[in-house]
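This report refers to the structure that appears directly beneath it.
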Amino acid sequence: MPNSPNELAKQDDAESGPPLTHSEYARLVRSDSRKISEPVVLEEYKRFYSLSWWIKAVIYCGLAVLFILAFFKWGVPFLFEKVLLPIMKWEATAFGRPVLAVVLIASLAIFPVLLIPSGPSMWLAGMIFGYGLGFVIIMVGTTIGMILPFLIGLLFRDRIHRWMKRWPQKAAMLRLAGEGSWFQQFRVVAIFRVSPFPYTIFNYVIVVTNMRFWPYLCGSIAGMVPEAFIYIYSGRLIRTYADIKYGNHHLTWVEIVYNAISFIIAVVTTIAFTIYAKAALNELDVAEGNGIEAAHAQDNNVHHLEMDSIPF
């Protein structure tokens, strides 16, 4: 039994193991320092990434503002002088009002078949015919323009179905639109009409679902009503601006207040319809996802029941 202090010290050294060399001590110190510095480096990286993101956002917003200002400074006058005014003068001199109404209806009916936006024709209908007759022209033309692609799409339903396999998420949402009762299909079609979903493509791809014709037609007409009024109003606003800029027309205070209030109402209505349509489409997407998960869960349960029934 060791009693001397030297023997006790040797015994403690033997129990604690061999002494650490300088390299081993350095390695342990570096490992601890690396563990301590990793959160610091990660925090600095997050801070740098956040700062760079804000710098990019400010730059992009500045460029967007400059582009908008340049467009209003040079683009809008160019469009008025070189495009809109010549078209308005040509239509006023080349066609009578009945012939012009037929031309606009034909363009609104044919453009969606060719996947061409029909917004300019709606603007012209609003500028030339106003809210009453312009609304009738837009609704008649767009109704024909929604029926023709639907009937043509039925002839190429298998080919459109193969084409839609490239976008399974959109196809699943459209498939859900074709399910349910008459009112459910009517509601979903109306939501698609007021949503940012391209309606010229929607006219064709909806045929791959179980959508019936009458809910599709009635929902399309109901969804086009707010868009028609917005196009008519914007067309009238463009004409008023053209008369002030290039004509001798001067607005009274009543007309200025009326145009300002109408513009605010149009903007708020457009934003409200867009937000509502996006929220409704998100609900459809979530419902489709829940349906897929439920189907997978049911398949797994059936598989487990089959495995349990197999005798070993």
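Each chain of the structure tokens is named A, B, ... in the order shown, its residues numbered from 1; ligands are numbered from 1 in display order.
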
Open item on the list: Which residues are close to A:Asp158, i.e. within 8 Å by only C-alpha atoms, leaving aside same-chain residues fewer than 3 positions away? Reply as a ChimeraX atom specification.
Closed with: /A:161-162,208

(Q) Using only C-alpha atoms, which protein or nucleic acid residues come within 10 Å of stretch 77-80 of chain A? Drop anything in the same chain fewer than 5 positions from it, and give the result as a list of chain:residue names. (A) A:Phe71, A:Phe72, A:Leu85, A:Pro86, A:Ile87, A:Ile238, A:Arg239, A:Tyr241, A:Ala242, A:Lys245, A:Tyr246

Suppose we keep N, CA and C atoms; can you now write the selection as a PDB file, in the first residue's frame?
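Output contents, as saved in again-v6.pdb:
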ATOM      1  N   PHE A  71     -42.477  53.258 -68.985  1.00  0.00           N
ATOM      2  CA  PHE A  71     -43.605  52.831 -69.816  1.00  0.00           C
ATOM      3  C   PHE A  71     -44.675  53.908 -69.873  1.00  0.00           C
ATOM      4  N   PHE A  72     -44.993  54.517 -68.725  1.00  0.00           N
ATOM      5  CA  PHE A  72     -45.997  55.581 -68.730  1.00  0.00           C
ATOM      6  C   PHE A  72     -45.492  56.849 -69.406  1.00  0.00           C
ATOM      7  N   LEU A  85     -55.278  55.090 -81.493  1.00  0.00           N
ATOM      8  CA  LEU A  85     -55.961  56.119 -82.282  1.00  0.00           C
ATOM      9  C   LEU A  85     -56.132  55.722 -83.747  1.00  0.00           C
ATOM     10  N   PRO A  86     -55.104  55.166 -84.414  1.00  0.00           N
ATOM     11  CA  PRO A  86     -55.340  54.696 -85.796  1.00  0.00           C
ATOM     12  C   PRO A  86     -56.411  53.620 -85.902  1.00  0.00           C
ATOM     13  N   ILE A  87     -56.449  52.693 -84.921  1.00  0.00           N
ATOM     14  CA  ILE A  87     -57.472  51.641 -84.960  1.00  0.00           C
ATOM     15  C   ILE A  87     -58.861  52.251 -84.777  1.00  0.00           C
ATOM     16  N   ILE A 238     -59.729  54.491 -71.203  1.00  0.00           N
ATOM     17  CA  ILE A 238     -58.734  54.744 -72.252  1.00  0.00           C
ATOM     18  C   ILE A 238     -59.252  55.776 -73.243  1.00  0.00           C
ATOM     19  N   ARG A 239     -60.520  55.671 -73.609  1.00  0.00           N
ATOM     20  CA  ARG A 239     -61.093  56.633 -74.551  1.00  0.00           C
ATOM     21  C   ARG A 239     -61.147  58.031 -73.945  1.00  0.00           C
ATOM     22  N   TYR A 241     -59.146  59.243 -71.679  1.00  0.00           N
ATOM     23  CA  TYR A 241     -57.779  59.754 -71.672  1.00  0.00           C
ATOM     24  C   TYR A 241     -57.356  60.216 -73.060  1.00  0.00           C
ATOM     25  N   ALA A 242     -57.736  59.447 -74.083  1.00  0.00           N
ATOM     26  CA  ALA A 242     -57.390  59.838 -75.454  1.00  0.00           C
ATOM     27  C   ALA A 242     -58.072  61.139 -75.846  1.00  0.00           C
ATOM     28  N   LYS A 245     -56.179  63.905 -74.023  1.00  0.00           N
ATOM     29  CA  LYS A 245     -54.800  64.088 -74.465  1.00  0.00           C
ATOM     30  C   LYS A 245     -54.713  64.615 -75.891  1.00  0.00           C
ATOM     31  N   TYR A 246     -55.541  64.081 -76.766  1.00  0.00           N
ATOM     32  CA  TYR A 246     -55.402  64.405 -78.187  1.00  0.00           C
ATOM     33  C   TYR A 246     -56.637  65.106 -78.755  1.00  0.00           C
TER      34      TYR A 246
END

List as number ranges by chain the protein and nucleic acid residues near A:Leu114, meaning an atom at most 12 Å away when only C-alpha atoms are counted, but skip any in the same chain fewer than 2 places from it. A: 107-112, 116-118, 145-146, 148-149, 152, 200-201, 203-204

For the residues in the current selection, export N, CA and C atoms as a CSV table (one decimal), in the first residue's frame.
chain,number,residue,atom,x,y,z
A,107,SER,N,-64.4,38.3,-83.6
A,107,SER,CA,-63.1,38.2,-83.0
A,107,SER,C,-63.1,37.6,-81.6
A,108,LEU,N,-64.1,37.9,-80.8
A,108,LEU,CA,-64.3,37.4,-79.5
A,108,LEU,C,-64.6,35.9,-79.5
A,109,ALA,N,-65.2,35.4,-80.6
A,109,ALA,CA,-65.5,34.0,-80.7
A,109,ALA,C,-64.4,33.2,-81.3
A,110,ILE,N,-63.6,33.8,-82.2
A,110,ILE,CA,-62.5,33.0,-82.9
A,110,ILE,C,-61.2,33.1,-82.1
A,111,PHE,N,-60.9,34.2,-81.5
A,111,PHE,CA,-59.6,34.3,-80.8
A,111,PHE,C,-59.3,33.2,-79.7
A,112,PRO,N,-60.3,32.9,-78.9
A,112,PRO,CA,-60.1,31.8,-77.9
A,112,PRO,C,-59.8,30.5,-78.5
A,116,ILE,N,-55.6,33.0,-78.6
A,116,ILE,CA,-55.2,34.4,-78.7
A,116,ILE,C,-56.1,35.2,-77.7
A,117,PRO,N,-55.4,36.0,-76.8
A,117,PRO,CA,-56.2,36.8,-75.8
A,117,PRO,C,-57.2,37.7,-76.5
A,118,SER,N,-58.4,37.8,-76.0
A,118,SER,CA,-59.4,38.7,-76.6
A,118,SER,C,-59.6,40.0,-75.8
A,145,GLY,N,-67.1,31.9,-77.9
A,145,GLY,CA,-65.7,31.6,-77.8
A,145,GLY,C,-65.4,30.6,-76.7
A,146,MET,N,-66.3,30.3,-75.8
A,146,MET,CA,-66.2,29.3,-74.8
A,146,MET,C,-66.8,28.0,-75.2
A,148,LEU,N,-67.1,26.9,-78.6
A,148,LEU,CA,-66.3,26.3,-79.7
A,148,LEU,C,-65.1,25.5,-79.2
A,149,PRO,N,-64.2,26.0,-78.3
A,149,PRO,CA,-63.1,25.2,-77.8
A,149,PRO,C,-63.5,24.0,-77.1
A,152,ILE,N,-64.5,21.5,-79.7
A,152,ILE,CA,-63.3,21.0,-80.4
A,152,ILE,C,-62.5,20.1,-79.5
A,200,THR,N,-58.2,30.6,-72.0
A,200,THR,CA,-58.1,30.0,-73.3
A,200,THR,C,-57.7,28.5,-73.3
A,201,ILE,N,-56.8,28.2,-72.3
A,201,ILE,CA,-56.4,26.8,-72.1
A,201,ILE,C,-57.4,26.0,-71.4
A,203,ASN,N,-60.6,26.3,-71.6
A,203,ASN,CA,-61.7,25.8,-72.5
A,203,ASN,C,-61.4,24.5,-73.1
A,204,TYR,N,-60.1,24.2,-73.3
A,204,TYR,CA,-59.8,22.9,-73.9
A,204,TYR,C,-59.6,21.8,-72.9

Give me the residues near A:Phe202 as a PDB file with N, CA, C and O atoms, in the first residue's frame, where near means some atom within 9 Å (using only C-alpha atoms) and where sequence neighbours in that chain fewer than 6 positions away do not count.
ATOM      1  N   LEU A 174     -58.018  20.087 -61.983  1.00  0.00           N
ATOM      2  CA  LEU A 174     -59.085  20.105 -62.985  1.00  0.00           C
ATOM      3  C   LEU A 174     -59.994  18.893 -62.849  1.00  0.00           C
ATOM      4  O   LEU A 174     -61.202  18.989 -63.055  1.00  0.00           O
ATOM      5  N   PHE A 192     -62.732  29.429 -61.705  1.00  0.00           N
ATOM      6  CA  PHE A 192     -61.644  29.385 -62.682  1.00  0.00           C
ATOM      7  C   PHE A 192     -61.704  30.580 -63.628  1.00  0.00           C
ATOM      8  O   PHE A 192     -60.670  31.079 -64.076  1.00  0.00           O
ATOM      9  N   ARG A 193     -62.893  31.047 -63.948  1.00  0.00           N
ATOM     10  CA  ARG A 193     -63.019  32.182 -64.869  1.00  0.00           C
ATOM     11  C   ARG A 193     -62.484  33.472 -64.267  1.00  0.00           C
ATOM     12  O   ARG A 193     -61.913  34.290 -64.983  1.00  0.00           O
TER      13      ARG A 193
END

Taking only C-alpha atoms into account, produce a table as a Markdown table in which each residue of stretch 197-229 of chain A with an atom at most 12 Å from an atom of stretch 233-236 of chain A appears once, together with its shortest atom pair and the distance in Å to one decimal, ordered by chain and rising number.
| residue | atom | partner | partner_atom | distance |
| --- | --- | --- | --- | --- |
| A:Pro226 | CA | A:Tyr233 | CA | 10.7 |
| A:Glu227 | CA | A:Tyr233 | CA | 9.9 |
| A:Ala228 | CA | A:Tyr233 | CA | 8.6 |
| A:Phe229 | CA | A:Tyr233 | CA | 6.0 |

field: Length of the atom CA of A:Gly126 to atom CA of A:Trp253 vector [Å]
entry: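 These two atoms are separated by 22.9 Å.
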
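Each of A:Ala172, A:Val257, A:Ile144, A:Ile230 was compared to A:Ala125 using only C-alpha atoms, and A:Ile230 turns out to be the nearest.
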
How far is it from atom CA of A:Phe129 to atom CA of A:Pro98, in Å with one decimal?
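Atom-to-atom, atom CA of A:Phe129 to atom CA of A:Pro98, that is 10.6 Å.
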
Worksheet entry | Every residue of stretch 73-224 of chain A that DSSP places in alpha helix (DSSP H), as an NGL selection string | :A and (76-79 or 85-94 or 97-110 or 119-129 or 132-155 or 157-164 or 168-177 or 182-194 or 199-205 or 213-224)

Checklist line | Non-local contacts of stretch 212-222 of chain A (7 Å; only C-alpha atoms; under 4 positions in same chain excluded) as an NGL selection string | finding: :A and (143 or 182 or 185-187 or 189-190 or 193)
